[in-house]
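Asker: My file is upload02.cif. It has mmCIF, C-alpha atoms:
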data_start
#
loop_
_atom_site.label_atom_id
_atom_site.label_comp_id
_atom_site.auth_asym_id
_atom_site.auth_seq_id
_atom_site.Cartn_x
_atom_site.Cartn_y
_atom_site.Cartn_z
CA MET A 219 -129.15 -49.35 -192.70
CA LYS A 220 -127.50 -45.99 -193.33
CA ASN A 221 -123.96 -45.63 -194.58
CA ASN A 222 -121.47 -45.47 -191.73
CA PRO A 223 -120.67 -41.80 -191.05
CA TYR A 224 -117.89 -42.61 -188.57
CA SER A 225 -114.14 -42.63 -188.89
CA ILE A 226 -113.26 -46.14 -187.70
CA PRO A 227 -110.30 -46.30 -185.27
CA ALA A 228 -107.20 -48.31 -186.22
CA ARG A 229 -107.46 -50.09 -182.88
CA TYR A 230 -110.09 -50.29 -180.18
CA HIS A 231 -111.09 -52.47 -177.22
CA ALA A 232 -113.93 -54.89 -176.64
CA GLY A 233 -115.09 -56.91 -173.70
CA PHE A 234 -117.93 -58.24 -171.59
CA LEU A 235 -119.54 -57.67 -168.24
CA GLN A 236 -120.82 -60.99 -166.92
CA PHE A 237 -123.07 -60.99 -163.85
CA ASP A 238 -126.00 -62.73 -162.15
CA VAL A 239 -129.20 -61.18 -163.52
CA ASN A 240 -131.73 -60.65 -160.73
CA LEU A 241 -135.20 -61.66 -161.91
CA ALA A 242 -137.58 -58.67 -162.13
CA GLU A 243 -135.16 -56.32 -160.34
CA PRO A 244 -133.97 -53.64 -162.81
CA ALA A 245 -132.53 -51.41 -160.10
CA ALA A 246 -130.28 -54.19 -158.77
CA ASN A 247 -129.18 -55.14 -162.30
CA LEU A 248 -128.38 -51.54 -163.20
CA ALA A 249 -126.34 -51.30 -160.00
CA ALA A 250 -124.41 -54.43 -161.07
CA VAL A 251 -123.63 -52.85 -164.45
CA ARG A 252 -122.46 -49.60 -162.85
CA ALA A 253 -120.26 -51.46 -160.36
CA GLY A 254 -118.84 -53.75 -163.03
CA LEU A 255 -117.93 -50.83 -165.29
CA ALA A 256 -116.31 -49.06 -162.36
CA ARG A 257 -114.11 -52.13 -161.74
CA LEU A 258 -113.22 -52.55 -165.42
CA ALA A 259 -112.71 -48.81 -165.92
CA PRO A 260 -112.87 -49.15 -169.74
CA ALA A 261 -111.48 -46.23 -171.70
CA GLY A 262 -112.91 -45.86 -175.19
CA PRO A 263 -113.08 -46.37 -178.01
CA GLY A 264 -114.58 -49.80 -177.50
CA LEU A 265 -117.63 -51.95 -176.78
CA ILE A 266 -118.86 -53.85 -173.73
CA VAL A 267 -121.47 -56.61 -174.13
CA LEU A 268 -124.01 -57.38 -171.38
CA PRO A 269 -126.09 -60.55 -170.82
CA GLU A 270 -129.46 -61.29 -172.39
CA LEU A 271 -132.43 -59.44 -170.86
CA TRP A 272 -129.95 -58.01 -168.40
CA SER A 273 -132.34 -55.50 -166.84
CA CYS A 274 -135.13 -57.88 -165.79
CA GLY A 275 -134.41 -61.47 -166.83
CA PHE A 276 -137.15 -63.73 -168.15
CA ALA A 277 -139.89 -62.24 -165.96
CA TYR A 278 -142.65 -63.41 -168.28
CA GLU A 279 -145.57 -62.24 -166.15
CA ARG A 280 -144.29 -58.65 -166.19
CA LEU A 281 -142.62 -58.41 -169.58
CA GLN A 282 -144.90 -55.65 -170.83
CA HIS A 283 -144.22 -53.66 -167.66
CA PHE A 284 -140.47 -53.96 -168.09
CA ALA A 285 -140.72 -53.22 -171.83
CA LEU A 286 -142.27 -49.88 -170.89
CA GLN A 287 -139.12 -49.17 -168.83
CA THR A 288 -136.75 -49.94 -171.71
CA GLU A 289 -136.59 -46.35 -172.93
CA GLU A 290 -135.48 -45.25 -169.46
CA VAL A 291 -132.92 -48.08 -169.31
CA LEU A 292 -131.56 -47.07 -172.72
CA GLY A 293 -131.14 -43.54 -171.38
CA GLU A 294 -129.00 -44.88 -168.55
CA MET A 295 -126.99 -46.97 -171.01
CA GLN A 296 -126.33 -43.83 -173.03
CA ARG A 297 -125.18 -41.99 -169.91
CA LEU A 298 -122.78 -44.79 -168.97
CA ALA A 299 -121.54 -45.06 -172.56
CA GLY A 300 -120.78 -41.35 -172.50
CA GLN A 301 -119.03 -41.60 -169.14
CA TYR A 302 -116.57 -44.18 -170.51
CA SER A 303 -116.62 -43.14 -174.21
CA ILE A 304 -117.68 -46.65 -175.24
CA TYR A 305 -120.61 -48.58 -176.69
CA LEU A 306 -122.77 -50.89 -174.59
CA ALA A 307 -124.69 -53.82 -176.09
CA GLY A 308 -127.23 -56.08 -174.44
CA SER A 309 -130.76 -57.32 -174.96
CA LEU A 310 -133.88 -55.79 -173.41
CA PRO A 311 -137.64 -56.35 -173.86
CA GLU A 312 -139.10 -54.18 -176.64
CA GLU A 313 -142.83 -53.59 -177.13
CA VAL A 314 -144.17 -52.68 -180.57
CA LEU A 315 -147.82 -51.67 -180.96
CA THR A 316 -149.78 -53.29 -183.79
CA GLU A 317 -153.21 -52.48 -185.22
CA ILE A 318 -154.96 -54.90 -182.91
CA ASP A 319 -152.51 -55.68 -180.10
CA SER A 320 -148.82 -55.40 -179.29
CA ALA A 321 -145.77 -57.58 -179.85
CA ILE A 322 -142.84 -57.98 -177.48
CA TYR A 323 -139.37 -58.69 -178.84
CA ASN A 324 -136.13 -59.74 -177.17
CA THR A 325 -133.99 -57.01 -178.70
CA LEU A 326 -130.24 -56.45 -178.66
CA TYR A 327 -129.57 -52.71 -178.41
CA ILE A 328 -126.23 -51.13 -179.23
CA VAL A 329 -125.93 -47.80 -177.42
CA GLY A 330 -123.19 -45.18 -177.61
CA PRO A 331 -122.64 -41.71 -176.16
CA GLU A 332 -124.93 -40.28 -178.85
CA GLY A 333 -127.77 -42.69 -178.09
CA VAL A 334 -129.05 -45.92 -179.67
CA ALA A 335 -126.91 -46.74 -182.70
CA GLY A 336 -129.24 -49.59 -183.71
CA SER A 337 -130.95 -52.77 -182.60
CA ILE A 338 -131.26 -56.41 -183.65
CA ARG A 339 -134.18 -58.58 -182.54
CA LYS A 340 -133.75 -62.19 -181.44
CA GLN A 341 -134.56 -64.41 -184.41
CA GLN A 342 -134.83 -67.90 -182.92
CA LEU A 343 -137.00 -68.27 -179.82
CA PHE A 344 -136.18 -71.12 -177.44
CA ALA A 345 -139.45 -73.05 -177.14
CA PRO A 346 -138.38 -75.32 -174.22
CA MET A 347 -138.30 -72.21 -172.01
CA GLY A 348 -141.59 -70.89 -173.39
CA GLU A 349 -140.02 -67.97 -175.23
CA ASP A 350 -142.26 -68.52 -178.26
CA ARG A 351 -145.33 -67.98 -176.07
CA HIS A 352 -144.16 -64.61 -174.78
CA PHE A 353 -141.98 -63.06 -177.50
CA SER A 354 -142.38 -62.45 -181.21
CA PRO A 355 -139.45 -63.54 -183.41
CA GLY A 356 -137.39 -60.92 -185.20
CA ASP A 357 -136.63 -61.02 -188.89
CA ASN A 358 -133.96 -59.96 -191.34
CA PRO A 359 -131.09 -59.20 -188.89
CA ARG A 360 -128.72 -56.51 -190.14
CA PRO A 361 -125.48 -55.20 -188.60
CA VAL A 362 -125.44 -51.83 -186.87
CA ASP A 363 -123.18 -48.97 -187.93
CA THR A 364 -121.05 -47.67 -185.05
CA GLY A 365 -117.87 -45.72 -184.57
CA LEU A 366 -116.10 -49.12 -184.38
CA GLY A 367 -117.40 -50.21 -187.77
CA ARG A 368 -120.36 -52.46 -188.42
CA VAL A 369 -121.35 -54.62 -185.45
CA ALA A 370 -123.40 -57.79 -185.91
CA GLY A 371 -125.64 -59.15 -183.19
CA LEU A 372 -127.12 -62.43 -181.94
CA VAL A 373 -129.20 -63.17 -178.86
CA CYS A 374 -128.50 -66.47 -177.06
CA TYR A 375 -130.22 -69.30 -179.03
CA ASP A 376 -129.44 -67.45 -182.28
CA LEU A 377 -125.86 -68.64 -181.80
CA ARG A 378 -126.88 -72.14 -182.94
CA PHE A 379 -127.95 -70.84 -186.38
CA PRO A 380 -124.82 -70.00 -188.39
CA GLU A 381 -126.66 -68.30 -191.26
CA LEU A 382 -127.70 -65.45 -188.94
CA ALA A 383 -124.07 -64.52 -188.29
CA LYS A 384 -122.93 -65.22 -191.84
CA GLY A 385 -125.47 -62.85 -193.37
CA GLN A 386 -124.34 -60.01 -191.12
CA ALA A 387 -120.65 -60.71 -191.69
CA GLY A 388 -121.29 -60.67 -195.44
CA ALA A 389 -122.90 -57.25 -195.00
CA GLY A 390 -119.66 -55.86 -193.62
CA ALA A 391 -119.63 -56.62 -189.88
CA GLY A 392 -116.19 -57.06 -188.33
CA LEU A 393 -117.38 -57.72 -184.80
CA LEU A 394 -120.20 -59.95 -183.52
CA ALA A 395 -121.87 -59.20 -180.17
CA VAL A 396 -123.69 -62.11 -178.51
CA SER A 397 -125.94 -61.42 -175.52
CA ALA A 398 -127.00 -64.61 -173.75
CA GLN A 399 -128.42 -66.53 -170.79
CA TRP A 400 -126.91 -69.91 -171.69
CA PRO A 401 -127.29 -72.71 -169.12
CA ALA A 402 -124.30 -74.33 -167.43
CA PRO A 403 -125.02 -77.93 -168.63
CA ARG A 404 -124.46 -76.75 -172.23
CA ARG A 405 -121.40 -74.64 -171.52
CA GLU A 406 -119.18 -76.59 -173.92
CA GLN A 407 -121.63 -76.06 -176.77
CA TRP A 408 -121.65 -72.35 -175.93
CA ARG A 409 -117.89 -72.14 -176.18
CA THR A 410 -117.66 -74.29 -179.32
CA LEU A 411 -120.37 -72.39 -181.19
CA ALA A 412 -118.95 -68.98 -180.30
CA VAL A 413 -115.51 -70.01 -181.56
CA ALA A 414 -117.06 -71.50 -184.70
CA ARG A 415 -118.90 -68.25 -185.51
CA ALA A 416 -115.57 -66.38 -185.26
CA ILE A 417 -113.67 -68.85 -187.46
CA GLU A 418 -116.25 -69.28 -190.22
CA ASN A 419 -116.92 -65.52 -190.49
CA GLN A 420 -113.36 -64.35 -189.82
CA LEU A 421 -114.46 -61.68 -187.37
CA PHE A 422 -114.11 -60.82 -183.69
CA VAL A 423 -116.75 -62.25 -181.36
CA VAL A 424 -117.69 -60.86 -177.96
CA ALA A 425 -120.09 -63.29 -176.31
CA CYS A 426 -121.44 -62.32 -172.90
CA ASN A 427 -123.23 -65.00 -170.91
CA ARG A 428 -125.04 -64.66 -167.65
CA CYS A 429 -123.86 -66.49 -164.54
CA GLY A 430 -125.80 -67.35 -161.38
CA LEU A 431 -129.02 -69.17 -160.64
CA THR A 432 -132.74 -68.62 -161.24
CA GLY A 433 -134.96 -71.30 -159.74
CA LYS A 434 -133.26 -74.60 -160.56
CA THR A 435 -131.48 -73.29 -163.64
CA GLU A 436 -127.77 -72.59 -163.33
CA PHE A 437 -126.30 -70.34 -165.98
CA GLY A 438 -122.89 -71.00 -167.46
CA GLY A 439 -120.93 -67.76 -167.47
CA HIS A 440 -117.64 -68.25 -169.32
CA SER A 441 -118.11 -65.19 -171.49
CA LEU A 442 -115.61 -64.87 -174.34
CA VAL A 443 -113.68 -62.50 -176.55
CA ILE A 444 -112.54 -64.41 -179.64
CA GLY A 445 -110.25 -63.42 -182.51
CA PRO A 446 -111.12 -63.95 -186.19
CA ASP A 447 -108.85 -66.99 -186.28
CA GLY A 448 -110.69 -68.61 -183.36
CA ALA A 449 -108.10 -67.73 -180.72
CA VAL A 450 -109.72 -67.02 -177.34
CA LEU A 451 -108.45 -63.60 -176.25
CA ALA A 452 -110.31 -63.52 -172.93
CA GLU A 453 -112.62 -65.85 -171.03
CA GLY A 454 -114.61 -65.42 -167.85
CA GLY A 455 -115.25 -68.00 -165.18
CA ALA A 456 -118.46 -69.17 -163.54
CA GLU A 457 -118.76 -66.12 -161.27
CA PRO A 458 -119.34 -62.42 -162.06
CA ASP A 459 -116.48 -61.33 -164.27
CA GLY A 460 -115.41 -58.88 -166.92
CA ALA A 461 -112.82 -58.37 -169.63
CA TRP A 462 -111.46 -55.51 -171.74
CA VAL A 463 -109.01 -56.49 -174.47
CA GLY A 464 -107.42 -54.86 -177.50
CA ILE A 465 -108.93 -55.41 -180.94
CA ASP A 466 -106.85 -55.05 -184.12
CA PRO A 467 -109.05 -54.74 -187.24
CA ALA A 468 -105.92 -54.82 -189.43
CA GLY A 469 -105.22 -58.37 -188.26
CA MET A 470 -108.70 -59.40 -189.36
CA GLU A 471 -108.20 -57.85 -192.79
CA GLU A 472 -104.82 -59.57 -193.16
CA LEU A 473 -106.42 -62.93 -192.37
CA ARG A 474 -109.17 -62.33 -194.93
CA GLN A 475 -106.60 -61.39 -197.57
CA ARG A 476 -104.79 -64.70 -197.14
CA PHE A 477 -108.03 -66.63 -197.69
CA ASN A 478 -111.59 -65.41 -197.46
CA THR A 479 -114.60 -67.37 -196.18
CA VAL A 480 -116.85 -64.32 -195.79
CA GLY A 481 -117.10 -62.83 -199.26
CA PRO A 482 -117.72 -65.82 -201.57
CA ALA A 483 -121.46 -66.44 -201.98
CA PRO A 484 -121.96 -68.34 -205.25
CA TYR A 485 -125.46 -69.41 -206.23
CA ARG A 486 -125.18 -73.13 -206.87
CA PHE A 487 -128.89 -74.00 -206.85
CA TYR A 488 -131.18 -74.84 -209.76
CA ASP A 489 -134.59 -73.48 -208.83
CA GLN A 490 -136.17 -75.69 -211.47
CA ASP A 491 -135.45 -78.56 -209.07
CA LYS A 492 -138.02 -77.14 -206.65
CA ILE A 493 -140.79 -78.36 -208.97
CA LEU A 494 -141.62 -81.92 -207.91
CA PRO A 495 -144.28 -84.56 -208.58
CA LEU A 496 -146.60 -85.26 -205.67
CA GLU A 497 -145.15 -88.70 -204.84
CA GLU A 498 -141.62 -87.36 -204.50
CA LEU A 499 -142.79 -84.32 -202.57
CA ALA A 500 -144.75 -86.50 -200.14
CA ALA A 501 -141.60 -88.47 -199.30
CA LEU A 502 -139.65 -85.25 -198.87
CA THR A 503 -142.21 -83.65 -196.53
CA ALA A 504 -142.18 -86.81 -194.43
CA ARG A 505 -138.43 -86.35 -193.99
CA TYR A 506 -138.97 -82.69 -193.12
CA ARG A 507 -141.49 -83.70 -190.50
CA ALA A 508 -139.08 -86.26 -189.05
CA VAL A 509 -136.50 -83.56 -188.36
CA GLY A 510 -139.09 -81.17 -186.90
CA ARG A 511 -139.80 -78.82 -189.80
CA ARG A 512 -143.29 -77.34 -190.04
CA VAL A 513 -144.64 -77.51 -193.58
CA VAL A 514 -146.82 -74.66 -194.88
CA PHE A 515 -149.08 -75.21 -197.88
CA THR A 516 -150.94 -72.80 -200.12
CA ASN A 517 -152.27 -72.97 -203.65
CA GLY A 518 -153.46 -70.88 -206.57
CA CYS A 519 -153.29 -70.24 -210.30
CA PHE A 520 -150.57 -67.54 -210.15
CA ASP A 521 -151.20 -66.75 -213.82
CA ILE A 522 -149.45 -63.37 -213.92
CA LEU A 523 -147.28 -63.04 -210.81
CA HIS A 524 -147.55 -59.61 -209.15
CA GLN A 525 -146.74 -57.79 -205.93
CA GLY A 526 -149.83 -59.07 -204.17
CA HIS A 527 -148.83 -62.68 -204.82
CA VAL A 528 -145.27 -62.21 -203.65
CA THR A 529 -146.22 -60.37 -200.45
CA TYR A 530 -148.76 -63.07 -199.62
CA LEU A 531 -146.26 -65.89 -200.27
CA GLU A 532 -143.63 -64.21 -198.07
CA GLN A 533 -146.16 -64.00 -195.23
CA ALA A 534 -147.12 -67.63 -195.73
CA ARG A 535 -143.48 -68.77 -195.58
CA ARG A 536 -143.02 -67.02 -192.22
CA GLU A 537 -145.64 -69.30 -190.69
CA GLY A 538 -143.37 -72.35 -190.79
CA ASP A 539 -140.11 -73.84 -192.00
CA CYS A 540 -140.96 -74.84 -195.57
CA LEU A 541 -143.49 -73.42 -198.06
CA ILE A 542 -145.08 -75.68 -200.67
CA VAL A 543 -147.15 -74.02 -203.39
CA GLY A 544 -149.74 -76.01 -205.31
CA VAL A 545 -150.26 -74.62 -208.82
CA ASN A 546 -153.39 -75.31 -210.86
CA SER A 547 -152.68 -77.02 -214.17
CA ASP A 548 -153.83 -75.32 -217.37
CA ALA A 549 -156.86 -77.60 -217.57
CA SER A 550 -157.66 -76.94 -213.93
CA VAL A 551 -157.54 -73.15 -214.48
CA ARG A 552 -159.91 -73.42 -217.43
CA SER A 553 -162.33 -75.51 -215.37
CA LEU A 554 -162.53 -72.68 -212.81
CA GLY A 555 -164.28 -70.47 -215.37
CA LYS A 556 -161.72 -67.69 -215.49
CA GLY A 557 -162.20 -67.25 -219.23
CA ASP A 558 -161.32 -68.91 -222.53
CA ASP A 559 -158.04 -66.96 -222.73
CA ARG A 560 -156.80 -68.15 -219.35
CA PRO A 561 -154.27 -69.08 -218.26
CA VAL A 562 -152.05 -66.59 -220.07
CA ASN A 563 -148.92 -68.46 -218.96
CA HIS A 564 -148.79 -72.25 -219.24
CA GLU A 565 -148.41 -74.38 -216.13
CA GLN A 566 -144.67 -75.08 -216.44
CA SER A 567 -143.94 -71.37 -216.89
CA ARG A 568 -146.03 -70.45 -213.85
CA ALA A 569 -144.37 -73.14 -211.74
CA ARG A 570 -140.90 -72.10 -212.88
CA ILE A 571 -141.47 -68.45 -211.96
CA LEU A 572 -142.75 -69.40 -208.51
CA ALA A 573 -139.75 -71.68 -208.01
CA GLY A 574 -137.47 -68.68 -208.53
CA LEU A 575 -138.84 -66.95 -205.42
CA GLY A 576 -136.69 -67.25 -202.33
CA CYS A 577 -139.70 -67.72 -200.06
CA VAL A 578 -140.94 -70.75 -202.01
CA ASP A 579 -139.34 -74.09 -201.17
CA HIS A 580 -141.26 -76.42 -203.47
CA VAL A 581 -143.89 -76.28 -206.21
CA VAL A 582 -146.29 -79.01 -207.26
CA ILE A 583 -148.74 -78.87 -210.21
CA PHE A 584 -152.19 -80.40 -209.71
CA GLY A 585 -154.97 -81.07 -212.16
CA GLU A 586 -157.97 -81.40 -209.84
CA GLU A 587 -160.41 -78.53 -209.26
CA THR A 588 -159.33 -78.31 -205.61
CA PRO A 589 -156.09 -79.14 -203.72
CA GLN A 590 -157.89 -81.60 -201.45
CA ASN A 591 -155.78 -84.55 -202.56
CA LEU A 592 -152.54 -82.57 -202.22
CA ILE A 593 -153.39 -81.54 -198.67
CA ALA A 594 -154.44 -85.06 -197.67
CA THR A 595 -151.20 -86.49 -199.08
CA LEU A 596 -148.74 -83.86 -197.84
CA ARG A 597 -150.40 -83.30 -194.42
CA PRO A 598 -149.07 -79.75 -193.87
CA GLU A 599 -148.86 -78.36 -190.37
CA VAL A 600 -150.07 -74.97 -191.63
CA LEU A 601 -152.64 -74.33 -194.38
CA VAL A 602 -152.78 -70.81 -195.80
CA LYS A 603 -155.29 -69.17 -198.13
CA GLY A 604 -155.06 -65.70 -199.57
CA GLY A 605 -157.97 -63.27 -199.18
CA ASP A 606 -160.85 -63.08 -196.73
CA TRP A 607 -161.79 -66.74 -196.77
CA PRO A 608 -163.51 -67.97 -193.59
CA VAL A 609 -161.73 -71.03 -192.25
CA GLU A 610 -164.76 -73.28 -192.70
CA ARG A 611 -164.71 -72.62 -196.48
CA ILE A 612 -161.01 -73.33 -197.01
CA VAL A 613 -160.48 -76.67 -198.75
CA GLY A 614 -158.54 -79.04 -196.50
CA ALA A 615 -159.08 -77.00 -193.33
CA GLN A 616 -160.99 -79.75 -191.55
CA GLU A 617 -158.20 -82.30 -192.07
CA VAL A 618 -155.41 -79.93 -191.04
CA LEU A 619 -157.23 -78.78 -187.89
CA ALA A 620 -158.09 -82.37 -186.95
CA ALA A 621 -154.39 -83.23 -187.10
CA GLY A 622 -153.56 -80.36 -184.73
CA GLY A 623 -152.42 -77.93 -187.42
CA ARG A 624 -153.32 -74.31 -188.12
CA VAL A 625 -155.40 -72.73 -190.88
CA LEU A 626 -154.87 -69.07 -191.79
CA SER A 627 -156.43 -66.60 -194.19
CA ILE A 628 -153.95 -63.87 -195.15
CA PRO A 629 -155.46 -60.70 -196.67
CA LEU A 630 -154.15 -59.90 -200.14
CA VAL A 631 -152.54 -56.58 -201.06
CA GLU A 632 -155.28 -54.24 -202.25
CA ASN A 633 -155.48 -53.12 -205.89
CA TYR A 634 -153.38 -56.01 -207.19
CA SER A 635 -154.94 -58.88 -209.11
CA THR A 636 -154.27 -60.83 -212.30
CA THR A 637 -157.70 -59.89 -213.64
CA SER A 638 -157.09 -56.15 -213.22
CA LEU A 639 -153.64 -56.46 -214.82
CA LEU A 640 -155.14 -58.21 -217.83
CA LYS A 641 -157.75 -55.46 -218.17
CA LYS A 642 -154.98 -52.84 -218.24
CA ILE A 643 -153.02 -54.81 -220.85
CA ARG A 644 -156.10 -55.18 -223.06
CA ALA A 645 -156.85 -51.48 -222.71
CA LEU A 646 -153.38 -50.65 -224.03
#
With the file now loaded, output its structure as structure tokens.
Answerer:
Amino acid sequence: MKNNPYSIPARYHAGFLQFDVNLAEPAANLAAVRAGLARLAPAGPGLIVLPELWSCGFAYERLQHFALQTEEVLGEMQRLAGQYSIYLAGSLPEEVLTEIDSAIYNTLYIVGPEGVAGSIRKQQLFAPMGEDRHFSPGDNPRPVDTGLGRVAGLVCYDLRFPELAKGQAGAGAGLLAVSAQWPAPRREQWRTLAVARAIENQLFVVACNRCGLTGKTEFGGHSLVIGPDGAVLAEGGAEPDGAWVGIDPAGMEELRQRFNTVGPAPYRFYDQDKILPLEELAALTARYRAVGRRVVFTNGCFDILHQGHVTYLEQARREGDCLIVGVNSDASVRSLGKGDDRPVNHEQSRARILAGLGCVDHVVIFGEETPQNLIATLRPEVLVKGGDWPVERIVGAQEVLAAGGRVLSIPLVENYSTTSLLKKIRAL
């Protein structure tokens, strides 16, 4: 994120444009946005938030087609933003090409008269509606610099995960834009969570929810503009609606000066506590499984930790909700034939260093030649191995697959290995 080059206004406006999103009909949805802006007649500076996937809705069968139209839709957003001297924010399908395929994200775009100021991808995909089968999850959400200051963003289901808003508020956001298609039966949760995000982060929240009906699903409307103290400044009804209200950043700063819940971020954890014996870890993973967490397991010697290890472990952690790393004991390393001088670091040192990594949740030391017993005891949902191992050669793969889990082989970063590092050290 670049430093904000704008002069932030002392006061501005913010609001929402709530409407019924027509499934797979971008022209009709664009017409609804134009008509809604004409009724509101917002005069900048300010920001208007639109519903989630406002151009096409959840038209899964044609997502790639509509993602190809996103650039054109963003151009129209820029034109409308320029017409009213405002910013517009709302989520659209985004396609990103990969080496072998493409990924589609549900992405919140913030667009001003000068073009796209930035974007934030939806982090938490709502599996009951099949989102995880059609979209890729975003990662590392960061606020967007605008002429109104830093703006944070969430997309619908993200609202239930307070850490996503807190991280962006801590990075300097003073306004949170939420773009959503939240169903009517959970309208009270929508309102409660939006107010909670404002109170706990002491910032303004503009949460735009879709109204109307698709199939048998009724959407809740009741979009909101909320002050940093939790006061509701504007609220829509169940029908198409809009709002445009004054925002006073000085009031937010005054509140934060009286007491601050955004800035304090003490580190109260002892990473040494991540290192557990197998029996205790087995009980803990059972509790994780009971609440729906997917456990990822990998193992290795990790004698001299380097960039290749860390990159691999980060990728492994992204495959589930908890990463357990099995570390070979000193005797186990020696039995693998790595040399009489290995390991360089003793087992407790290697475990302690791994425990200090943010992507590692737990570490367990094992003395056997293979982690077969660990895998059988912990029963991970995802088993990961680093390198080009075929699945059939990965220890524990048969058991994990038989239980309905996944087995992955993640390529290591080239030119990084403990052996090559030791050769360089010896050469010096």
Asker: Can you spell out as a PyMOL selection string the set of residues that the PyMOL selection byres ((chain A and resi 549) around 12) selects in the structure I just provided?
Answerer: chain A and resi 519+545-548+550-561+564-565+583-587
Asker: Evaluate the PyMOL selection byres ((chain A and resi 361) around 6) on the structure here and hand back the selected residues as a VMD selection string.
Answerer: chain A and resid 360 362 368 to 370 386
Asker: Do a neighbour search on stretch 433-443 of chain A at 9 Å with all atoms listed in the file, toss out local chain neighbours closer than 5 positions, and write the hits as an MDAnalysis selection string.
Answerer: chainID A and resid 232:238 399:405 408:409 412:413 422:428 449:463
Asker: Take the residues just selected and output them with C-alpha atoms as an mmCIF file, in the frame of the given file.
Answerer:
data_model
loop_
_atom_site.group_PDB
_atom_site.id
_atom_site.type_symbol
_atom_site.label_atom_id
_atom_site.label_comp_id
_atom_site.auth_asym_id
_atom_site.auth_seq_id
_atom_site.Cartn_x
_atom_site.Cartn_y
_atom_site.Cartn_z
ATOM 1 C CA ALA A 232 -113.930 -54.890 -176.640
ATOM 2 C CA GLY A 233 -115.090 -56.910 -173.700
ATOM 3 C CA PHE A 234 -117.930 -58.240 -171.590
ATOM 4 C CA LEU A 235 -119.540 -57.670 -168.240
ATOM 5 C CA GLN A 236 -120.820 -60.990 -166.920
ATOM 6 C CA PHE A 237 -123.070 -60.990 -163.850
ATOM 7 C CA ASP A 238 -126.000 -62.730 -162.150
ATOM 8 C CA GLN A 399 -128.420 -66.530 -170.790
ATOM 9 C CA TRP A 400 -126.910 -69.910 -171.690
ATOM 10 C CA PRO A 401 -127.290 -72.710 -169.120
ATOM 11 C CA ALA A 402 -124.300 -74.330 -167.430
ATOM 12 C CA PRO A 403 -125.020 -77.930 -168.630
ATOM 13 C CA ARG A 404 -124.460 -76.750 -172.230
ATOM 14 C CA ARG A 405 -121.400 -74.640 -171.520
ATOM 15 C CA TRP A 408 -121.650 -72.350 -175.930
ATOM 16 C CA ARG A 409 -117.890 -72.140 -176.180
ATOM 17 C CA ALA A 412 -118.950 -68.980 -180.300
ATOM 18 C CA VAL A 413 -115.510 -70.010 -181.560
ATOM 19 C CA PHE A 422 -114.110 -60.820 -183.690
ATOM 20 C CA VAL A 423 -116.750 -62.250 -181.360
ATOM 21 C CA VAL A 424 -117.690 -60.860 -177.960
ATOM 22 C CA ALA A 425 -120.090 -63.290 -176.310
ATOM 23 C CA CYS A 426 -121.440 -62.320 -172.900
ATOM 24 C CA ASN A 427 -123.230 -65.000 -170.910
ATOM 25 C CA ARG A 428 -125.040 -64.660 -167.650
ATOM 26 C CA ALA A 449 -108.100 -67.730 -180.720
ATOM 27 C CA VAL A 450 -109.720 -67.020 -177.340
ATOM 28 C CA LEU A 451 -108.450 -63.600 -176.250
ATOM 29 C CA ALA A 452 -110.310 -63.520 -172.930
ATOM 30 C CA GLU A 453 -112.620 -65.850 -171.030
ATOM 31 C CA GLY A 454 -114.610 -65.420 -167.850
ATOM 32 C CA GLY A 455 -115.250 -68.000 -165.180
ATOM 33 C CA ALA A 456 -118.460 -69.170 -163.540
ATOM 34 C CA GLU A 457 -118.760 -66.120 -161.270
ATOM 35 C CA PRO A 458 -119.340 -62.420 -162.060
ATOM 36 C CA ASP A 459 -116.480 -61.330 -164.270
ATOM 37 C CA GLY A 460 -115.410 -58.880 -166.920
ATOM 38 C CA ALA A 461 -112.820 -58.370 -169.630
ATOM 39 C CA TRP A 462 -111.460 -55.510 -171.740
ATOM 40 C CA VAL A 463 -109.010 -56.490 -174.470
#
Asker: Would you list the residues near (-124.1, -55.4, -175.9) (no more than 12 Å away, in the coordinates of the file, using all atoms listed in the file) as a ChimeraX atom specification?
Answerer: /A:232-236,251,264-272,292,295,299,304-310,325-330,334-338,362,369-374,393-398,423-427
Asker: Might you spell out which residues the PyMOL selection byres ((chain A and resi 570) around 9) would select in the displayed file, as number ranges by chain?
Answerer: A: 489-490, 492-493, 565-569, 571-574, 581
Asker: Pick out the closest residue to A:His527 from this set: A:Leu575, A:Leu601, A:Val625, A:Ala620. Count all atoms listed in the file.
Answerer: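 Looking only at the distances to A:His527, the closest residue turns out to be A:Leu575.
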Asker: Step by step: start from the point (-108.2, -67.8, -185.6) in the file's coordinates, keep every protein, DNA or RNA residue that has an atom no farther than 12 Å from it, count all atoms listed in the file, and write the set as a PyMOL selection string.
Answerer: chain A and resi 413-423+443-451+469-470+472-474
Asker: Have a look at A:Gly275, A:Gly430, A:Gly576, A:Gly510 and name the one nearest to A:Tyr488; count only C-alpha atoms.
Answerer: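 Going through A:Gly275, A:Gly430, A:Gly576, A:Gly510 one by one, the smallest distance to A:Tyr488 is for A:Gly576.
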Asker: Might you pull out every residue within 10 Å of stretch 277-291 of chain A, with only C-alpha atoms counted and same-chain residues fewer than 3 positions away left off, and present them as a list in words?
Answerer: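 Final neighbour list, sorted by chain and number: Asn240, Leu241, Ala242, Glu243, Pro244, Ala245, Leu248, Leu271, Ser273, Cys274, Glu294, Met295, Gln296, Arg297, Leu310, Pro311, Glu312, Glu313, Val314, Ser320, Ala321, Ile322, Tyr323, Asn324, Gly348, Glu349, Arg351, His352 and Phe353 of chain A.
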